[in-house]
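Taking it in order: structure first as structure tokens, then the write-up.
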Amino acid sequence: MSTTPSGNAFARAGECAVQGIVTQVGSAMTTAAERLHVPFASDARALVQRGEIRRHPIWRQPALHTDGLPVILVGGLLTATPVMLSLLGTWLTRIGCRVVMAPTGLGVGCGEDNARIVASAARDVADAAGTAPVVIAYSRGGQFARAAAVREPDAIRALITLGSPLSDLTGIHPLLRLQVYALGAAGTLGLPGLLRASCLWGACCRPLRADIAGPFPERVPFLSVYSRTDEMVSWRSSRDPAARHHEVTTSHGGLVADPAVFTAIAAELRAVLGRRPGLLDGTVRRGPDGASDAA
């Protein structure tokens, strides 16, 4: 009997070798960038190390099956693509969720339009599945999703935001803020598909801003996951007074790839399926005055 490996085995071995080299080179480059305090170097590391979660127990043995729970993923600024959210989407599918991506494009459009898109997607999924979906929103996508939950509380079973600027819509890194302003300027000048200056200060997105800052429906469980080491979004802006808060230690990019985040999401989904609020260890619900209610 021949012991020569098959072509597929050779291909897999070659692929693993290439991935290993890329990881080593990428890790060395990001280490150097971090030592030089290059902005967003930690996010580059998160992209390099995305494969590590596949070796973690939360991926291999999550001890959770959601039995077809519908979940809508909402991307943020330039992250509303299957590529950026692919790990999260794949893992959710592995644990039995029916995953749908909200069609908000690259997240660079009018916030009010995107909030309506998320609300419409929630209604459509709820009608098709016969049960309201859980919405998991990343970065700017959390703004759209919070407004959608305020408007359609019966169509959203629970909301989880990951590194979303909520209490301060411009609570982001200055370089990222300049990018947003540039997009807004281009949109104001008429470039289609982009947010406009009125989205931040004018009447265009006034309803959105009101729904982000205003009361949140108590019957919708709301968990905000954030990191103090997030360079892109200020962690303080993620501490929505209406949410329960769960802190992790990762980069902004790591919020959709870090095992600690997936573990927090699993605990919240387990709680949602158990029809209880789902307080995590170390999670605190804050009242409007910022006081802690429980831990």
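Residue numbers start at 1 in each chain; chains themselves are named A, B, ... in the order of the structure tokens; ligands are numbered from 1 in the order shown.
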Residue contacts of A:Glu52 (9 Å, only C-alpha atoms) excluding same-chain residues fewer than 3 positions away, as a PyMOL selection string: chain A and resi 49+55-56+257-259
Excluding stretch 92-107 of chain A and residues on its chain fewer than 5 positions from it, collect all residues at most 7 Å away from it, counting only C-alpha atoms, and give them as a PyMOL selection string. chain A and resi 64-81+114+117-118+121
Pull N, CA and C atoms from the residues just selected and write them as a short mmCIF file (atom, residue, chain, number, x, y, z; two decimals), in the first residue's frame.
data_model
loop_
_atom_site.label_atom_id
_atom_site.label_comp_id
_atom_site.auth_asym_id
_atom_site.auth_seq_id
_atom_site.Cartn_x
_atom_site.Cartn_y
_atom_site.Cartn_z
N LEU A 64 -23.05 24.89 23.76
CA LEU A 64 -24.25 25.69 23.52
C LEU A 64 -24.80 25.35 22.15
N HIS A 65 -26.09 25.07 22.09
CA HIS A 65 -26.75 24.93 20.80
C HIS A 65 -28.02 25.77 20.83
N THR A 66 -28.14 26.66 19.87
CA THR A 66 -29.23 27.64 19.90
C THR A 66 -30.49 27.19 19.18
N ASP A 67 -30.43 26.01 18.55
CA ASP A 67 -31.63 25.41 17.95
C ASP A 67 -32.32 26.35 16.96
N GLY A 68 -31.51 26.95 16.07
CA GLY A 68 -32.09 27.77 15.01
C GLY A 68 -32.43 29.19 15.38
N LEU A 69 -31.90 29.70 16.48
CA LEU A 69 -32.16 31.08 16.88
C LEU A 69 -31.74 32.03 15.77
N PRO A 70 -32.64 32.89 15.29
CA PRO A 70 -32.24 33.85 14.25
C PRO A 70 -31.39 34.97 14.83
N VAL A 71 -30.32 35.31 14.13
CA VAL A 71 -29.40 36.37 14.55
C VAL A 71 -29.12 37.27 13.36
N ILE A 72 -29.22 38.57 13.58
CA ILE A 72 -28.86 39.55 12.55
C ILE A 72 -27.54 40.19 12.94
N LEU A 73 -26.57 40.15 12.04
CA LEU A 73 -25.29 40.83 12.25
C LEU A 73 -25.33 42.19 11.56
N VAL A 74 -24.87 43.21 12.27
CA VAL A 74 -24.84 44.56 11.73
C VAL A 74 -23.40 45.06 11.80
N GLY A 75 -22.81 45.34 10.66
CA GLY A 75 -21.44 45.82 10.62
C GLY A 75 -21.36 47.31 10.87
N GLY A 76 -20.16 47.80 11.07
CA GLY A 76 -19.93 49.21 11.34
C GLY A 76 -19.30 49.90 10.15
N LEU A 77 -18.58 50.97 10.43
CA LEU A 77 -17.95 51.77 9.37
C LEU A 77 -16.90 50.94 8.65
N LEU A 78 -17.13 50.70 7.36
CA LEU A 78 -16.22 49.93 6.51
C LEU A 78 -16.01 48.50 7.00
N THR A 79 -16.95 47.97 7.82
CA THR A 79 -16.80 46.60 8.32
C THR A 79 -18.05 45.77 8.08
N ALA A 80 -19.02 46.31 7.34
CA ALA A 80 -20.26 45.58 7.13
C ALA A 80 -20.11 44.58 5.99
N THR A 81 -19.04 43.82 6.01
CA THR A 81 -18.80 42.84 4.97
C THR A 81 -18.63 41.47 5.61
N ASN A 114 -29.74 53.65 7.47
CA ASN A 114 -29.26 52.35 7.94
C ASN A 114 -30.06 51.85 9.13
N ILE A 117 -33.04 50.32 7.69
CA ILE A 117 -32.69 49.04 7.07
C ILE A 117 -32.64 47.94 8.12
N VAL A 118 -32.01 48.23 9.27
CA VAL A 118 -31.90 47.22 10.33
C VAL A 118 -33.28 46.90 10.89
N ALA A 121 -35.05 44.75 8.40
CA ALA A 121 -34.49 43.40 8.40
C ALA A 121 -34.99 42.60 9.60
#
For A:Ala158, work out the shell of residues within 10 Å, counting only C-alpha atoms and skipping chain neighbours fewer than 6 positions away, then give it as a short mmCIF file (atom, residue, chain, number, x, y, z; two decimals) with N, CA and C atoms, in the first residue's frame.
data_model
loop_
_atom_site.label_atom_id
_atom_site.label_comp_id
_atom_site.auth_asym_id
_atom_site.auth_seq_id
_atom_site.Cartn_x
_atom_site.Cartn_y
_atom_site.Cartn_z
N VAL A 71 -30.32 35.31 14.13
CA VAL A 71 -29.40 36.37 14.55
C VAL A 71 -29.12 37.27 13.36
N ALA A 132 -38.61 36.60 17.08
CA ALA A 132 -37.77 37.78 16.91
C ALA A 132 -36.29 37.40 16.97
N PRO A 133 -35.46 38.04 16.15
CA PRO A 133 -34.04 37.73 16.14
C PRO A 133 -33.27 38.47 17.24
N VAL A 134 -32.11 37.93 17.57
CA VAL A 134 -31.13 38.67 18.36
C VAL A 134 -30.30 39.48 17.37
N VAL A 135 -30.04 40.73 17.70
CA VAL A 135 -29.21 41.58 16.84
C VAL A 135 -27.85 41.78 17.51
N ILE A 136 -26.79 41.45 16.78
CA ILE A 136 -25.42 41.65 17.25
C ILE A 136 -24.78 42.68 16.34
N ALA A 149 -34.01 48.92 17.67
CA ALA A 149 -34.64 48.27 18.81
C ALA A 149 -35.62 49.20 19.51
N ARG A 219 -37.97 45.66 27.97
CA ARG A 219 -38.20 44.25 27.68
C ARG A 219 -37.19 43.67 26.69
N VAL A 220 -36.33 44.50 26.13
CA VAL A 220 -35.30 44.01 25.20
C VAL A 220 -33.96 43.96 25.94
N PRO A 221 -33.44 42.77 26.23
CA PRO A 221 -32.11 42.69 26.88
C PRO A 221 -31.06 43.38 26.03
N PHE A 222 -30.22 44.17 26.66
CA PHE A 222 -29.25 45.01 25.94
C PHE A 222 -27.90 44.88 26.63
N LEU A 223 -26.94 44.30 25.92
CA LEU A 223 -25.59 44.12 26.44
C LEU A 223 -24.61 44.89 25.57
N GLU A 268 -24.69 35.38 26.90
CA GLU A 268 -25.89 36.19 26.70
C GLU A 268 -26.94 35.43 25.89
N LEU A 269 -26.50 34.71 24.87
CA LEU A 269 -27.45 33.91 24.09
C LEU A 269 -28.08 32.82 24.94
N VAL A 272 -30.65 34.52 26.99
CA VAL A 272 -31.81 34.89 26.18
C VAL A 272 -32.69 33.68 25.92
N PRO A 277 -32.82 37.84 32.05
CA PRO A 277 -32.03 38.98 31.57
C PRO A 277 -30.63 38.61 31.14
#
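Each of A:Gly253, A:Gly89, A:Pro217, A:Pro57 was compared to A:Arg157 using only C-alpha atoms, and A:Pro217 turns out to be the nearest.
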From the list A:Arg228, A:Arg244, A:Arg146, A:Arg54, which residue is nearest A:Gly111 when using only C-alpha atoms?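 Ranked by minimum distance to A:Gly111, first place goes to A:Arg146.
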Within stretch 64-240 of chain A, find each residue whose DSSP state, derived from the backbone, is strand (DSSP E or B), and express the selection as number ranges by chain. A: 70-74, 98-101, 134-138, 158-162, 172, 222-227, 233
Provide the atom CA of A:Ser227 to atom CA of A:Ser251 distance in Å, to one decimal place. 7.0 Å
